[in-house]
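Notes follow once the structure below has been shown.
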Amino acid sequence: MERVKVLIADDDESILWVLEKFLQEKGLETVKAADGRAAEKMLGEPGLQLAIIDINMPVKDGLNVLKDSRAAGSVAEVIIMTAESTMKNTLEAMKLGAFDYVTKPFDLNELEITVDRAIENIKLKEKVEHLTERLKERLKEETVFIGKSRAVQDVFKTIGKVASTDVTVLI
């Protein structure tokens, strides 16, 4: 897996700076957005795998960014952060498909655990996707049906008769 690309979206420059340094020290590639519209645009770019998005941002709030990016097909893992920790915000973020939810001020050790879990989830998804594609290719190339009994031989004959047609057959 190549280097993970992370979007940091917050209107607070000091938060952007701290998170950028923190994530770069972990060996992650970072991009920044200072408002919701810019964050949403970046979430649609290929190669972006993880986003840490503040709820309260100018132009468009983080929950709407998450909602609209999911509707547009973004599969990036999203960690929502906010200074206003309410059950409503937490539930809404999770319903919209957020990976996790952190409150400000956040402890960098706790954030690191959350980021590491998100990266592990990204790697697992990539592995499943890769293995699924390999399995599909293999099944196309190596579908084998083996049997010597009279019943199985009759099934082979039936398959031979209908193979060139465009009909559904239940065996």
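Chain labels follow the order of the structure tokens: the first chain is A, the next B, and so on; residue numbering restarts at 1 in every chain, and ligands are counted from 1 in their shown order.
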
Might you pull out every residue within 9 Å of Ser85 in chain A, with only C-alpha atoms counted and same-chain residues fewer than 5 positions away left off, and present them as a ChimeraX atom specification?
/A:90,102-104

Output of the above residues as a PDB file, in the first residue's frame, restricted to N, CA, C and O atoms:
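Result saved to part-v1.pdb:
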```pdb
ATOM      1  N   THR A  90     -22.927  13.241  17.556  1.00  0.00           N
ATOM      2  CA  THR A  90     -22.246  11.950  17.483  1.00  0.00           C
ATOM      3  C   THR A  90     -23.084  10.943  16.712  1.00  0.00           C
ATOM      4  O   THR A  90     -22.587  10.273  15.801  1.00  0.00           O
ATOM      5  N   VAL A 102     -14.219  12.519  17.334  1.00  0.00           N
ATOM      6  CA  VAL A 102     -13.350  12.979  18.414  1.00  0.00           C
ATOM      7  C   VAL A 102     -13.747  14.393  18.827  1.00  0.00           C
ATOM      8  O   VAL A 102     -14.233  15.175  18.016  1.00  0.00           O
ATOM      9  N   THR A 103     -13.539  14.696  20.099  1.00  0.00           N
ATOM     10  CA  THR A 103     -13.889  16.024  20.599  1.00  0.00           C
ATOM     11  C   THR A 103     -12.637  16.840  20.850  1.00  0.00           C
ATOM     12  O   THR A 103     -11.590  16.309  21.209  1.00  0.00           O
ATOM     13  N   LYS A 104     -12.781  18.143  20.629  1.00  0.00           N
ATOM     14  CA  LYS A 104     -11.705  19.090  20.918  1.00  0.00           C
ATOM     15  C   LYS A 104     -11.878  19.580  22.344  1.00  0.00           C
ATOM     16  O   LYS A 104     -13.016  19.758  22.779  1.00  0.00           O
TER      17      LYS A 104
END
```

Backbone-only DSSP, alpha helix (DSSP H) members of range 10-164 of chain A, as a VMD selection string:
chain A and resid 13 to 25 36 to 43 62 to 71 87 to 95 108 to 142 150 to 162

Neighbouring residues of Asp68 in chain A were defined as those with any atom within 12 Å, considering only C-alpha atoms; residues of the same chain fewer than 3 positions away were excluded. Please report them as a list in words.
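Returned residues: Gly36, Arg37, Ala39, Glu40, Lys41, Leu43, Gly44, Lys60, Asp61, Gly62, Leu63, Asn64, Val65, Ala71, Ala72, Gly73, Ser74, Val75, Leu96 and Gly97 of chain A.
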
Spatial neighbours of Lys95 in chain A, 12 Å, only C-alpha atoms, chain gap at least 5 places, as a PyMOL selection string
chain A and resi 63+66-67+70+88-90+100-101

Pick out each residue of chain A that DSSP on the backbone tags as strand (DSSP E or B); I need them as number ranges by chain.
A: 5-9, 29-33, 48-54, 77-82, 100-103

Work out how far CA of Glu45 in chain A is from CA of Pro105 in chain A, in Å to one decimal.
28.9 Å

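Counting only C-alpha atoms, the residue from A:Met94, A:Met42, A:Ile52, A:Ala76 that sits nearest to Glu126 in chain A is A:Ala76.
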
With a cut-off of 10 Å, could you pull out the residues of range 64-104 of chain A touching range 8-11 of chain A and give me the nearest pair of atoms for each, distance in Å to one decimal, using only C-alpha atoms, ordered by chain and ascending number, as JSON lines?
```
{"residue": "A:Ile79", "atom": "CA", "partner": "A:Ile8", "partner_atom": "CA", "distance": 9.7}
{"residue": "A:Ile80", "atom": "CA", "partner": "A:Ala9", "partner_atom": "CA", "distance": 9.6}
{"residue": "A:Met81", "atom": "CA", "partner": "A:Asp10", "partner_atom": "CA", "distance": 9.0}
{"residue": "A:Thr82", "atom": "CA", "partner": "A:Asp10", "partner_atom": "CA", "distance": 9.6}
```

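Using only C-alpha atoms for every distance, the candidate list A:Ala34, A:Leu111, A:Leu131, A:Val78 yields A:Ala34 as the residue closest to Asn56 in chain A.
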
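Of note, CA of Arg150 in chain A and CA of Thr168 in chain A are spaced 23.2 Å apart.
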
Rounded to one decimal in Å, what is the spacing between CA of Glu112 in chain A and CA of Leu28 in chain A?
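Separation between CA of Glu112 in chain A and CA of Leu28 in chain A: 11.9 Å.
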
Nearest to Phe99 in chain A: which of A:Val152, A:Met87, A:Val115, A:Leu7 is it, counting only C-alpha atoms?
A:Val115
